Each structure stands twice: as structure tokens, then as C-alpha cells.
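Visitor: The following block contains the structure, expressed as C-alpha cells.
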Amino acid sequence: RCCTGDRSKTTVPLKAESESHNHSCLSVLGHIAYGLWAQVVWIVVGGLVGFFGIWLGFLVGEKVWDGTSDGAGTAHSFVPILTVPACSGLSAMIALICQLSGVPAETRIKVCGSVNVITFLLLFGWSLLEMWKEQPTTTTSSPSTVSTVPNSVISGSR
């Protein structure tokens, strides 16, 4: 298509060839836009997993153990600052590897979804375990320490 100086050899592309070229460009742009959109979606999903996996674990633990956890939820409230970027990166990395490998979209969704569900369950379980470990120890009195003296003797009245 480039002119080298001799205009007689310049060819004008046919209409069908031009439309095919435009369609090809749009197809490539469409694939790029889809790839970027898919990455953004999986980054957001990973971030949500990183936040809600921890937060819900501490919330459920507090409800299950009636808020007697000695502040484990408060002490670990910084953890989502670490887990959100890590989970976003993991999710994006898995999605990118699948996309660059040519994995079909249906399989890619299943793989990325499975990785995010497993990550959520691990974070939720870990935070729930942390709440359980922080439970105050309750002391039970043994029969030998229970007083058998009647109250009337203790108060001095007969």
C-alpha cells in the first residue's frame, strides 16, 4: 500500500478488503477491552474476598462467642490491609495466566471462581480460629473449694 514513487503501481484496496481490515482492528480492540475488563473484575472480586473473608470471620466469631473474645477482632482489624491487595493480586494473576494460556472463558470463570472461594474459606476459617483462640479461659470451681458452711454461721446469726 505504500507508494515508492511510481503511482502506476499504487493499488487502491477493494471495498471488501478495507472492511475486513476494519473488522480485524475492531476485533483486536474488542479482545483487548474484554481482557482489561476481565482483569478489573477479577481484581475487584479478589479484593472483596480479602476484605469480607476476614471481616465476616471476626463478625461471626464475635456473634458465636457473645463478644467475649478479649478484643481479637479489634486487634486483628489491620489484617484486611494486608489481605485485600494480596487476594486482588492472586485473583488477577490466576485470571491473567488463564487468559494468556487461551483457556476458554467458561473454564477461566470456574478456575478463578474456585480460587477465590477457596481463598475466602481459608481467610474466614483463619479469622474464626483466631476468635476462638482468644476466648477467655473460664475457671470452674472444684468440689473441694466450695464452701459447705451455712450462710447463717457466716453472718453470725443463729
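Please note that chains go A, B, ... in the order of the C-alpha cells, that every chain numbers its residues from 1, and that ligands are numbered from 1 in the order shown.
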Do you know which residues are at most 7 Å from region 41-51 of chain A counting only C-alpha atoms, after dropping those on the same chain fewer than 6 positions away, and could you put them as a tab-separated table (two decimals) with N, CA and C atoms, in the first residue's frame?

Guide:
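After the write, selection_37.tsv holds the following:
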chain	number	residue	atom	x	y	z
A	80	PRO	N	-7.13	-6.91	57.03
A	80	PRO	CA	-7.58	-6.67	55.65
A	80	PRO	C	-6.68	-5.73	54.85
A	83	THR	N	-4.58	-8.40	53.40
A	83	THR	CA	-5.21	-9.44	52.60
A	83	THR	C	-5.87	-8.91	51.33
A	84	VAL	N	-6.38	-7.69	51.35
A	84	VAL	CA	-7.05	-7.16	50.15
A	84	VAL	C	-6.08	-7.09	48.97
A	85	PRO	N	-4.91	-6.44	49.11
A	85	PRO	CA	-4.01	-6.43	47.95
A	85	PRO	C	-3.49	-7.82	47.57
A	87	CYS	N	-5.01	-10.76	47.94
A	87	CYS	CA	-6.07	-11.52	47.26
A	87	CYS	C	-6.38	-10.94	45.89
A	88	SER	N	-6.33	-9.62	45.76
A	88	SER	CA	-6.53	-9.00	44.45
A	88	SER	C	-5.44	-9.44	43.48
A	89	GLY	N	-4.21	-9.45	43.95
A	89	GLY	CA	-3.10	-9.88	43.11
A	89	GLY	C	-3.20	-11.34	42.71
A	91	SER	N	-5.94	-13.19	42.54
A	91	SER	CA	-7.05	-13.35	41.61
A	91	SER	C	-6.69	-12.85	40.22
A	92	ALA	N	-6.05	-11.70	40.14
A	92	ALA	CA	-5.65	-11.14	38.85
A	92	ALA	C	-4.60	-12.02	38.18
A	95	ALA	N	-6.31	-15.09	36.74
A	95	ALA	CA	-7.09	-14.71	35.56
A	95	ALA	C	-6.18	-14.41	34.37
A	116	ASN	N	-10.97	-18.11	44.25
A	116	ASN	CA	-11.49	-17.08	45.15
A	116	ASN	C	-12.35	-17.68	46.27
A	120	PHE	N	-11.43	-17.36	50.16
A	120	PHE	CA	-12.40	-16.84	51.12
A	120	PHE	C	-12.55	-17.79	52.30

Visitor: Would you list the contacts of region 98-100 of chain A as a PyMOL selection string, taking every protein, DNA or RNA residue within 10 Å and counting only C-alpha atoms, but skipping same-chain residues closer than 2 positions in sequence?

Guide: chain A and resi 35+38-39+92-96+102-105+107-109+111-112

Visitor: Could you tell me how far CA of Lys63 (chain A) lies from CA of Trp132 (chain A), in Å and to one decimal?

Guide: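 These two atoms are separated by 11.4 Å.
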
Visitor: Select, from A:Ser101, A:Leu82, A:Gly53, A:Gly30, the residue with the minimum atom-to-atom distance to Val117 (chain A), counting only C-alpha atoms.

Guide: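 Under the stated criterion, the closest residue is A:Gly53.
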
Visitor: Please determine, counting only C-alpha atoms, which residue among A:Met131, A:Leu59, A:Leu90, A:Ile32 has the shortest atom-to-atom distance to Gly113 (chain A).

Guide: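 Using only C-alpha atoms, the shortest distance to Gly113 (chain A) belongs to A:Leu90.
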
Visitor: Enter the distance from CA of Glu62 (chain A) to CA of Trp126 (chain A), in Å, rounded to one decimal.

Guide: 13.8 Å

Visitor: Could you pull out the helix (DSSP H, G or I) residues of region 44-138 of chain A, going by DSSP on the backbone, and write them as a ChimeraX atom specification?

Guide: /A:44-64,72-75,79-100,105-133
